[in-house]
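Engineer: Shown below is the structure under consideration.
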Amino acid sequence: MKTIFYFLVFPGFLFALIVGMVASYIERKVTARVQWRVGPPILQPWYDLLKLFTKESVVPENAHLLTFLATPVLFMVSATLVAMYAGMAFFFPDAAFQGDLIVIVYLLTIPPICLILAGAASANPLASLGASREIKLVLSYELVFWMTIAVIWVKTGGELSLVNIMNKPPVMYSYSGGIASVLALFVMQAKLGRVPFDIAEAETEIMAGAYIEYSGPLLGFFKMGQYILLATLPFFISSIFWGGVNVFKYVALLVIVILVENTNPRLKVKQCLKLFWFILFPLSLVALILAVVGL
Amino acid sequence: MNKLKILSKSIWVFHFASAACNNCDIEILDVLTPRFDVERFGVKLVGSIKHADAMLVSGMMNRKGAEFLKDLYDQAPKPLAVIAFGSCASSMGMFKVSYNRVIPVDEIIPVTAYIPGCPPRPEAIIDGIVKVVKKLRGEI
Ligand code: SF4
């Protein structure tokens, strides 16, 4: 009973969705202000979602039906699970368990996998292009992400529980933790699929990539998943690196994401891979060595 | 709550340019710029017809373009508003006597609103959006 409540209402679905919609509104509004526009009204994300659920869904004739229909739902559910575990550690420390860090990190790889499957299942050349680009994106950032998690693990003396990590002094205030937290910002940007790492969506090149064939409620599930991820990732990054979450830290991270998004051009696939593997990965290695040495 | 009422608050627009002379397309981009900023009304350009709530058709419909237009209209998730943009698409514009059989859009698919002009001014485009919104809400 309690678990269902956690999943559906408080740290999970409903709460994360609402926070995500507010975050998405902030994103669009700040973007608009950066471009000297007025921007959408505050309820715009809600209207978008509501509208998508009133429209009909078109399934392409050649698509693999089961995969095509299941992936948006899985996308949203896995995002919700991340929100639930990350939220539980913060709001209900008693209900959290040992090793939820690992669970969250694994769960965070499921949405991209869903996206890849969705793109491959929708029988559209641009969608498969989007899927292939998403694979390359995942390949690039995942290594660095695990390295930053390893830095956390070493710095906190082998802690794998979010609650205990949050109770220790913030990892950020050390050389290794400082480097790792900057790297984590890159990874967060890539995981959210925001510019400069929006190569898999690339509205102007491949027309939203894997999402291209989705419409109506199915697209709505993807949108909900994205909102939830937008709510959760800054939350998660802030709780492991900045020693817990509060509104200021959360909004600061969000604004970093938005400003980077608005001031950078999209990277090419090759550049993205190069950036992560040959620049950020050695840096993360340095951070790990520093952490092992105890700096 | 009425379905179409919600739709009118978040119109995602797909732009179908069939051999427009490019002035129309530039004017469409104009309404997204800071001076006019149609995102205030939830209007957004999307790249895929599957995401669209409104199809903006600009340019002269020739025989080849007409087939694609029909195809796209059939593929789009309904309800879909179709807007004929510019005099080329609304009537036949200055290409009326062209050899490749120019046809107005409303002879191919049902059109919700017309935006006249060659090219229409941004104000006329916003007026067109208002017309579409009113029509979706059932006010006209
Ligand atoms: S209506 Fe005028 S501006 Fe628009 S495509 Fe036709 S000729 Fe060009």
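Lettering and numbering for the structure tokens are positional, with chains as A, B, ... in the shown order, residues counted from 1 in each chain, and ligands counted from 1 in the shown order.
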Define the interface residues of chain A facing chain B as those within 10 Å, counting only C-alpha atoms, and report them as a VMD selection string.
Structural biologist: chain A and resid 28 to 29 32 to 33 35 to 41 43 to 60 202 to 209 211 to 216 219
Engineer: Do you know which residues are within 8 Å of ligand 1 using only C-alpha atoms and all ligand atoms? Can you write them as an MDAnalysis selection string?
Structural biologist: chainID B and resid 19:25 58:60 85:89 93:95 116:120
Engineer: Could you give me, as an NGL selection string, the residues within 10 Å of range 279-295 of chain A, counting only C-alpha atoms and dropping anything in the same chain fewer than 4 positions from it?
Structural biologist: :A and (140-141 or 143-157 or 173-184 or 186-187 or 273-275)
Engineer: Please save C-alpha atoms of the selected residues as a PDB file, in the first residue's frame.
Structural biologist:
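Ended up saving to again_33.pdb:
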```pdb
ATOM      1  CA  SER A 140      29.598   8.570 -25.015  1.00  0.00           C
ATOM      2  CA  TYR A 141      28.231   9.742 -21.691  1.00  0.00           C
ATOM      3  CA  LEU A 143      31.364   5.877 -19.169  1.00  0.00           C
ATOM      4  CA  VAL A 144      31.903   9.322 -17.671  1.00  0.00           C
ATOM      5  CA  PHE A 145      28.740   8.958 -15.614  1.00  0.00           C
ATOM      6  CA  TRP A 146      29.938   5.744 -14.003  1.00  0.00           C
ATOM      7  CA  MET A 147      33.312   7.317 -13.294  1.00  0.00           C
ATOM      8  CA  THR A 148      31.681  10.196 -11.448  1.00  0.00           C
ATOM      9  CA  ILE A 149      29.605   7.717  -9.446  1.00  0.00           C
ATOM     10  CA  ALA A 150      32.831   5.878  -8.645  1.00  0.00           C
ATOM     11  CA  VAL A 151      34.306   9.138  -7.349  1.00  0.00           C
ATOM     12  CA  ILE A 152      31.315   9.492  -5.041  1.00  0.00           C
ATOM     13  CA  TRP A 153      31.747   5.942  -3.882  1.00  0.00           C
ATOM     14  CA  VAL A 154      35.420   6.402  -3.084  1.00  0.00           C
ATOM     15  CA  LYS A 155      34.969   9.805  -1.476  1.00  0.00           C
ATOM     16  CA  THR A 156      32.240   8.682   0.890  1.00  0.00           C
ATOM     17  CA  GLY A 157      34.146   5.584   1.916  1.00  0.00           C
ATOM     18  CA  TYR A 173      34.082  20.516  -1.561  1.00  0.00           C
ATOM     19  CA  SER A 174      37.189  18.612  -2.524  1.00  0.00           C
ATOM     20  CA  TYR A 175      39.373  18.580  -5.626  1.00  0.00           C
ATOM     21  CA  SER A 176      38.171  15.246  -6.924  1.00  0.00           C
ATOM     22  CA  GLY A 177      34.535  15.934  -6.042  1.00  0.00           C
ATOM     23  CA  GLY A 178      34.717  19.369  -7.664  1.00  0.00           C
ATOM     24  CA  ILE A 179      35.923  17.903 -10.957  1.00  0.00           C
ATOM     25  CA  ALA A 180      33.396  15.081 -10.774  1.00  0.00           C
ATOM     26  CA  SER A 181      30.489  17.404 -10.105  1.00  0.00           C
ATOM     27  CA  VAL A 182      31.362  19.507 -13.152  1.00  0.00           C
ATOM     28  CA  LEU A 183      31.533  16.343 -15.236  1.00  0.00           C
ATOM     29  CA  ALA A 184      28.173  15.308 -13.851  1.00  0.00           C
ATOM     30  CA  PHE A 186      27.842  17.530 -18.695  1.00  0.00           C
ATOM     31  CA  VAL A 187      26.313  14.103 -18.229  1.00  0.00           C
ATOM     32  CA  LEU A 273      31.994  11.213 -28.738  1.00  0.00           C
ATOM     33  CA  LYS A 274      35.377  12.922 -28.805  1.00  0.00           C
ATOM     34  CA  LEU A 275      34.419  15.327 -26.053  1.00  0.00           C
TER      35      LEU A 275
END
```
Engineer: Pick out each residue of range 127-211 of chain A that DSSP on the backbone tags as helix (DSSP H, G or I); I need them as a PyMOL selection string.
Structural biologist: chain A and resi 127-155+162-167+175-191+203-206+209-211
Engineer: What is the CA of Gly220 in chain A to CA of Ala17 in chain B distance in Å?
Structural biologist: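 Going from CA of Gly220 in chain A over to CA of Ala17 in chain B covers 27.1 Å.
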Engineer: Enumerate the residues of range 13-132 of chain B with a DSSP assignment of strand (DSSP E), computed from the backbone, and present them as a PyMOL selection string.
Structural biologist: chain B and resi 13-17+44-46+54-58+81-85+113-115
Engineer: For all heavy atoms, I'd like the residues from the last selection saved as a short mmCIF file (atom, residue, chain, number, x, y, z; two decimals), in the first residue's frame.
Structural biologist:
```cif
data_model
loop_
_atom_site.label_atom_id
_atom_site.label_comp_id
_atom_site.auth_asym_id
_atom_site.auth_seq_id
_atom_site.Cartn_x
_atom_site.Cartn_y
_atom_site.Cartn_z
N VAL B 13 2.28 23.59 -34.91
CA VAL B 13 2.09 23.85 -36.34
C VAL B 13 3.12 23.11 -37.17
O VAL B 13 4.32 23.18 -36.89
CB VAL B 13 2.18 25.36 -36.61
CG1 VAL B 13 1.98 25.64 -38.07
CG2 VAL B 13 1.16 26.10 -35.79
N PHE B 14 2.63 22.43 -38.17
CA PHE B 14 3.51 21.80 -39.16
C PHE B 14 3.45 22.64 -40.42
O PHE B 14 2.38 23.02 -40.87
CB PHE B 14 3.04 20.37 -39.45
CG PHE B 14 3.81 19.69 -40.53
CD1 PHE B 14 5.03 19.12 -40.25
CD2 PHE B 14 3.31 19.62 -41.82
CE1 PHE B 14 5.75 18.47 -41.24
CE2 PHE B 14 4.03 18.98 -42.81
CZ PHE B 14 5.25 18.41 -42.52
N HIS B 15 4.61 22.93 -40.96
CA HIS B 15 4.64 23.83 -42.10
C HIS B 15 4.89 23.04 -43.38
O HIS B 15 5.91 22.39 -43.53
CB HIS B 15 5.75 24.86 -41.87
CG HIS B 15 5.93 25.79 -43.02
ND1 HIS B 15 7.06 26.52 -43.20
CD2 HIS B 15 5.10 26.11 -44.04
CE1 HIS B 15 6.94 27.24 -44.28
NE2 HIS B 15 5.77 27.00 -44.83
N PHE B 16 3.92 23.08 -44.26
CA PHE B 16 4.07 22.40 -45.55
C PHE B 16 4.32 23.46 -46.61
O PHE B 16 3.44 24.26 -46.92
CB PHE B 16 2.79 21.61 -45.86
CG PHE B 16 2.85 20.87 -47.16
CD1 PHE B 16 3.34 19.57 -47.20
CD2 PHE B 16 2.40 21.44 -48.33
CE1 PHE B 16 3.39 18.88 -48.39
CE2 PHE B 16 2.45 20.74 -49.53
CZ PHE B 16 2.94 19.46 -49.55
N ALA B 17 5.52 23.48 -47.15
CA ALA B 17 5.85 24.48 -48.16
C ALA B 17 5.91 23.80 -49.51
O ALA B 17 6.79 22.99 -49.76
CB ALA B 17 7.17 25.14 -47.84
N LYS B 44 3.72 26.50 -31.57
CA LYS B 44 5.08 26.00 -31.67
C LYS B 44 5.22 25.34 -33.04
O LYS B 44 4.27 24.73 -33.52
CB LYS B 44 5.26 24.97 -30.56
CG LYS B 44 6.66 24.54 -30.30
CD LYS B 44 6.72 23.76 -28.99
CE LYS B 44 6.76 22.28 -29.26
NZ LYS B 44 7.11 21.48 -28.10
N LEU B 45 6.38 25.49 -33.67
CA LEU B 45 6.60 24.80 -34.93
C LEU B 45 7.12 23.40 -34.64
O LEU B 45 8.02 23.23 -33.83
CB LEU B 45 7.63 25.54 -35.78
CG LEU B 45 7.18 26.63 -36.73
CD1 LEU B 45 8.36 27.09 -37.57
CD2 LEU B 45 6.07 26.17 -37.64
N VAL B 46 6.56 22.38 -35.29
CA VAL B 46 7.09 21.03 -35.11
C VAL B 46 7.53 20.48 -36.46
O VAL B 46 7.08 20.95 -37.51
CB VAL B 46 6.06 20.06 -34.48
CG1 VAL B 46 5.81 20.44 -33.05
CG2 VAL B 46 4.78 20.04 -35.28
N ALA B 54 -2.03 21.72 -36.43
CA ALA B 54 -2.42 22.58 -37.53
C ALA B 54 -1.41 22.42 -38.64
O ALA B 54 -0.22 22.27 -38.38
CB ALA B 54 -2.46 24.04 -37.08
N MET B 55 -1.89 22.42 -39.87
CA MET B 55 -0.97 22.34 -40.99
C MET B 55 -1.05 23.66 -41.74
O MET B 55 -2.11 24.11 -42.15
CB MET B 55 -1.35 21.17 -41.90
CG MET B 55 -0.42 21.05 -43.07
SD MET B 55 -0.27 19.38 -43.68
CE MET B 55 -1.90 19.05 -44.29
N LEU B 56 0.09 24.28 -41.88
CA LEU B 56 0.17 25.56 -42.55
C LEU B 56 0.66 25.28 -43.97
O LEU B 56 1.77 24.80 -44.15
CB LEU B 56 1.18 26.41 -41.79
CG LEU B 56 1.14 27.90 -41.89
CD1 LEU B 56 -0.20 28.38 -41.40
CD2 LEU B 56 2.22 28.48 -41.02
N VAL B 57 -0.17 25.56 -44.94
CA VAL B 57 0.23 25.25 -46.31
C VAL B 57 0.56 26.54 -47.03
O VAL B 57 -0.28 27.44 -47.12
CB VAL B 57 -0.90 24.53 -47.06
CG1 VAL B 57 -0.41 24.07 -48.42
CG2 VAL B 57 -1.40 23.36 -46.26
N SER B 58 1.78 26.65 -47.50
CA SER B 58 2.14 27.85 -48.24
C SER B 58 2.62 27.46 -49.63
O SER B 58 3.07 26.34 -49.85
CB SER B 58 3.22 28.64 -47.51
OG SER B 58 4.41 27.90 -47.48
N ALA B 81 -6.29 21.29 -37.95
CA ALA B 81 -6.74 22.49 -38.64
C ALA B 81 -5.81 22.73 -39.82
O ALA B 81 -4.60 22.59 -39.69
CB ALA B 81 -6.70 23.68 -37.69
N VAL B 82 -6.37 23.05 -40.96
CA VAL B 82 -5.54 23.35 -42.12
C VAL B 82 -5.66 24.83 -42.42
O VAL B 82 -6.75 25.39 -42.45
CB VAL B 82 -5.99 22.53 -43.35
CG1 VAL B 82 -5.13 22.86 -44.54
CG2 VAL B 82 -5.92 21.06 -43.04
N ILE B 83 -4.52 25.47 -42.60
CA ILE B 83 -4.52 26.89 -42.87
C ILE B 83 -3.86 27.12 -44.23
O ILE B 83 -2.72 26.72 -44.45
CB ILE B 83 -3.74 27.66 -41.79
CG1 ILE B 83 -4.30 27.32 -40.40
CG2 ILE B 83 -3.78 29.13 -42.03
CD1 ILE B 83 -3.33 27.60 -39.30
N ALA B 84 -4.59 27.75 -45.10
CA ALA B 84 -4.02 28.11 -46.40
C ALA B 84 -3.35 29.46 -46.26
O ALA B 84 -3.98 30.44 -45.90
CB ALA B 84 -5.11 28.15 -47.46
N PHE B 85 -2.07 29.46 -46.54
CA PHE B 85 -1.25 30.62 -46.18
C PHE B 85 -0.79 31.36 -47.43
O PHE B 85 -0.10 30.80 -48.27
CB PHE B 85 -0.05 30.12 -45.39
CG PHE B 85 0.77 31.19 -44.76
CD1 PHE B 85 0.45 31.67 -43.51
CD2 PHE B 85 1.84 31.73 -45.43
CE1 PHE B 85 1.20 32.66 -42.93
CE2 PHE B 85 2.59 32.72 -44.85
CZ PHE B 85 2.27 33.19 -43.61
N ALA B 113 -8.92 27.81 -42.25
CA ALA B 113 -8.82 29.27 -42.30
C ALA B 113 -7.91 29.68 -43.45
O ALA B 113 -7.02 28.93 -43.85
CB ALA B 113 -8.26 29.80 -40.98
N TYR B 114 -8.19 30.86 -43.96
CA TYR B 114 -7.35 31.40 -45.03
C TYR B 114 -6.63 32.63 -44.50
O TYR B 114 -7.21 33.43 -43.77
CB TYR B 114 -8.20 31.82 -46.23
CG TYR B 114 -8.99 30.70 -46.84
CD1 TYR B 114 -10.23 30.35 -46.34
CD2 TYR B 114 -8.49 29.98 -47.91
CE1 TYR B 114 -10.96 29.33 -46.87
CE2 TYR B 114 -9.21 28.94 -48.46
CZ TYR B 114 -10.44 28.61 -47.94
OH TYR B 114 -11.16 27.59 -48.47
N ILE B 115 -5.36 32.77 -44.87
CA ILE B 115 -4.64 33.98 -44.52
C ILE B 115 -4.22 34.64 -45.82
O ILE B 115 -3.34 34.13 -46.52
CB ILE B 115 -3.41 33.67 -43.65
CG1 ILE B 115 -3.84 32.95 -42.37
CG2 ILE B 115 -2.67 34.95 -43.32
CD1 ILE B 115 -2.69 32.61 -41.47
#
```
Engineer: Rank nothing, just name the residue among B:Val132, B:Ala66, B:Met61, B:Ile26 nearest to Ser90 in chain B, using only C-alpha atoms.
Structural biologist: B:Met61
Engineer: Closest to Ala96 in chain A among A:Phe68, A:Phe15, A:Phe75, A:Tyr6, using only C-alpha atoms?
Structural biologist: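 So, comparing all the options, the nearest one is A:Tyr6.
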Engineer: As a ChimeraX atom specification, please: the residues near Gly130 in chain A (cut-off 7 Å, only C-alpha atoms, same-chain neighbours under 6 positions excluded).
Structural biologist: /A:119,200-201,209-210
Engineer: Write a file of the just-selected residues containing N, CA and C atoms, as a CSV table (one decimal), in the first residue's frame.
Structural biologist:
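And here's out.csv as it stands now:
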```csv
chain,number,residue,atom,x,y,z
A,119,GLY,N,12.6,4.2,-31.6
A,119,GLY,CA,13.0,4.6,-32.9
A,119,GLY,C,13.2,3.5,-33.9
A,200,ALA,N,20.3,13.4,-30.8
A,200,ALA,CA,19.4,12.4,-31.1
A,200,ALA,C,18.0,12.9,-31.5
A,201,GLU,N,17.7,14.2,-31.0
A,201,GLU,CA,16.4,14.8,-31.3
A,201,GLU,C,16.5,15.7,-32.5
A,209,GLY,N,13.8,13.0,-34.4
A,209,GLY,CA,14.4,11.6,-34.3
A,209,GLY,C,13.5,10.5,-34.0
A,210,ALA,N,13.7,9.9,-32.9
A,210,ALA,CA,12.9,8.7,-32.5
A,210,ALA,C,11.4,9.0,-32.3
```
Engineer: At what distance in Å, to one decimal, does CA of Ala95 in chain A lie from CA of Thr3 in chain A?
Structural biologist: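 So the answer is 9.3 Å.
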Engineer: What's around Glu67 in chain B at 12 Å? Count only C-alpha atoms, leave out sequence neighbours fewer than 5 positions away in its own chain, and write the answer as a PyMOL selection string.
Structural biologist: chain B and resi 18+61-62+72-74+103+105+108-109
Engineer: Would you pick out the contacts of Lys270 in chain A at 12 Å or less, using only C-alpha atoms, so that residues sharing its chain but fewer than 2 positions from it are not included, and give the list as a PyMOL selection string?
Structural biologist: chain A and resi 133+136-137+139-140+197+199+266-268+272-278
Engineer: In Å to one decimal, how far is CA of Phe222 in chain A from CA of Ser132 in chain A?
Structural biologist: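 So the answer is 18.3 Å.
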Engineer: Do you know which residues are at most 7 Å from range 229-236 of chain A counting only C-alpha atoms, after dropping those on the same chain fewer than 4 positions away, and could you put them as a list of chain:residue names?
Structural biologist: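 So, after excluding close chain neighbours, the residues are A:Ala16, A:Val19, A:Gly20, A:Ala23, A:Ala79, A:Ala83, A:Ala86, A:Met188, A:Leu192, A:Gly225, A:Ile240, A:Val245, A:Tyr250, A:Leu253, A:Leu254.
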